[in-house]
Amino acid sequence: MINGLFIGRFQPFHKGHLATVKFALERVDQLVIVVGSAQKSHELRNPFTAGERIRMIKESLDEDGEADARRILIIPVPDIDVHSLWTHQLDILVPKYDLVFANDPFTLMLFHEREIKAIEAPLYRRNEMKATEIRKRMATEEAWEDLVPLSVTKVIKEIKGVERVRALLQRDMPGHVI
């Protein structure tokens, strides 16, 4: 049995993330989605709580129908701010894994240094499919909903996530746009 990890902050979970989940499921029997920076929320770069992000992911998988949610675990993992130890922390917080999927070059490097197979998943519509771009669009009242699964739009609207992003922008950067 081959087990994989897909690591991200998912601020918010978008269609590019969903494409990576499907890519990973073609290569593993079980996938652990690691919700990184789990302790962070209500920040401009990290506006959503770990629980909100887990809900976005779970509801997106349920809604999608193609990604077999029975083969997926979602585990929140906090930062430890010691990069050389972070991958070791994962080892005690998640089930055994054989390979890692990530799009962040630094994350990939940390696993390569430990000689753990790490795969950079193909990027889906990368110019648009960036959480930073989605948050920017939320803050500037541009269309963002088509970049995320419908269930994520519903969660964000239910928790007043757009209003939160705008309030965080005003708090952290009054008069500026992301």
# chains A, B, ... in the order shown; residues from 1 in each chain; ligands from 1
$ select_by_dssp --residues "segment 61-148 of chain A" --states "alpha helix (DSSP H)" --output "count of residues only"
33
$ closest_atom_pairs --of "segment 59-99 of chain A" --to "segment 128-149 of chain A" --cutoff "12 Å" --atoms "only C-alpha atoms" --output "CSV"
residue,atom,partner,partner_atom,distance
A:Glu59,CA,A:Pro149,CA,9.1
A:Ser60,CA,A:Pro149,CA,6.1
A:Leu61,CA,A:Pro149,CA,9.3
A:Asp62,CA,A:Pro149,CA,10.8
A:Glu63,CA,A:Pro149,CA,8.4
A:Asp64,CA,A:Pro149,CA,8.3
$ closest_residue --among "A:Ala19, A:Pro78, A:Glu26, A:Ala69" --to "Gln39 of chain A" --atoms "only C-alpha atoms"
A:Pro78
$ atom_distance --atom1 "atom CA of Glu120 of chain A" --atom2 "atom CA of Ala102 of chain A"
5.4 Å
$ closest_residue --among "A:Glu158, A:Asp68, A:Glu115, A:Asp91" --to "Leu31 of chain A" --atoms "only C-alpha atoms"
A:Asp68
$ closest_residue --among "A:Ile119, A:Leu93, A:Phe10, A:His83" --to "Pro105 of chain A" --atoms "only C-alpha atoms"
A:Ile119
$ atom_distance --atom1 "atom CA of Lys15 of chain A" --atom2 "atom CA of Arg55 of chain A"
15.0 Å
$ select_by_dssp --residues "segment 61-120 of chain A" --states "strand (DSSP E)" --output "number ranges by chain"
A: 72-76, 99-102, 117-120
$ atom_distance --atom1 "atom CA of Ile7 of chain A" --atom2 "atom CA of Val34 of chain A"
4.7 Å
$ closest_residue --among "A:Met56, A:Val94, A:Val100, A:Ile80" --to "Leu150 of chain A" --atoms "only C-alpha atoms"
A:Met56
$ closest_residue --among "A:Leu110, A:Arg125, A:Gln11, A:Gly4" --to "Leu44 of chain A" --atoms "only C-alpha atoms"
A:Gln11
$ residues_around --residues "Arg164 of chain A" --least-positions-apart "2" --cutoff "10 Å" --atoms "only C-alpha atoms" --output "number ranges by chain"
A: 42-44, 47-48, 138-139, 156, 159-162, 166-170
$ closest_residue --among "A:Leu73, A:Leu90, A:Ile57, A:Leu5" --to "Val155 of chain A" --atoms "only C-alpha atoms"
A:Ile57
$ residues_around --residues "Asp98 of chain A" --least-positions-apart "4" --cutoff "8 Å" --atoms "only C-alpha atoms" --output "mmCIF file with C-alpha atoms, in the first residue's frame"
data_model
loop_
_atom_site.group_PDB
_atom_site.id
_atom_site.type_symbol
_atom_site.label_atom_id
_atom_site.label_comp_id
_atom_site.auth_asym_id
_atom_site.auth_seq_id
_atom_site.Cartn_x
_atom_site.Cartn_y
_atom_site.Cartn_z
ATOM 1 C CA ILE A 2 1.393 3.392 -1.010
ATOM 2 C CA ASN A 3 0.600 6.346 1.250
ATOM 3 C CA GLY A 4 1.065 9.965 0.242
ATOM 4 C CA ILE A 116 11.909 11.190 0.956
ATOM 5 C CA LYS A 117 10.345 11.127 -2.488
#
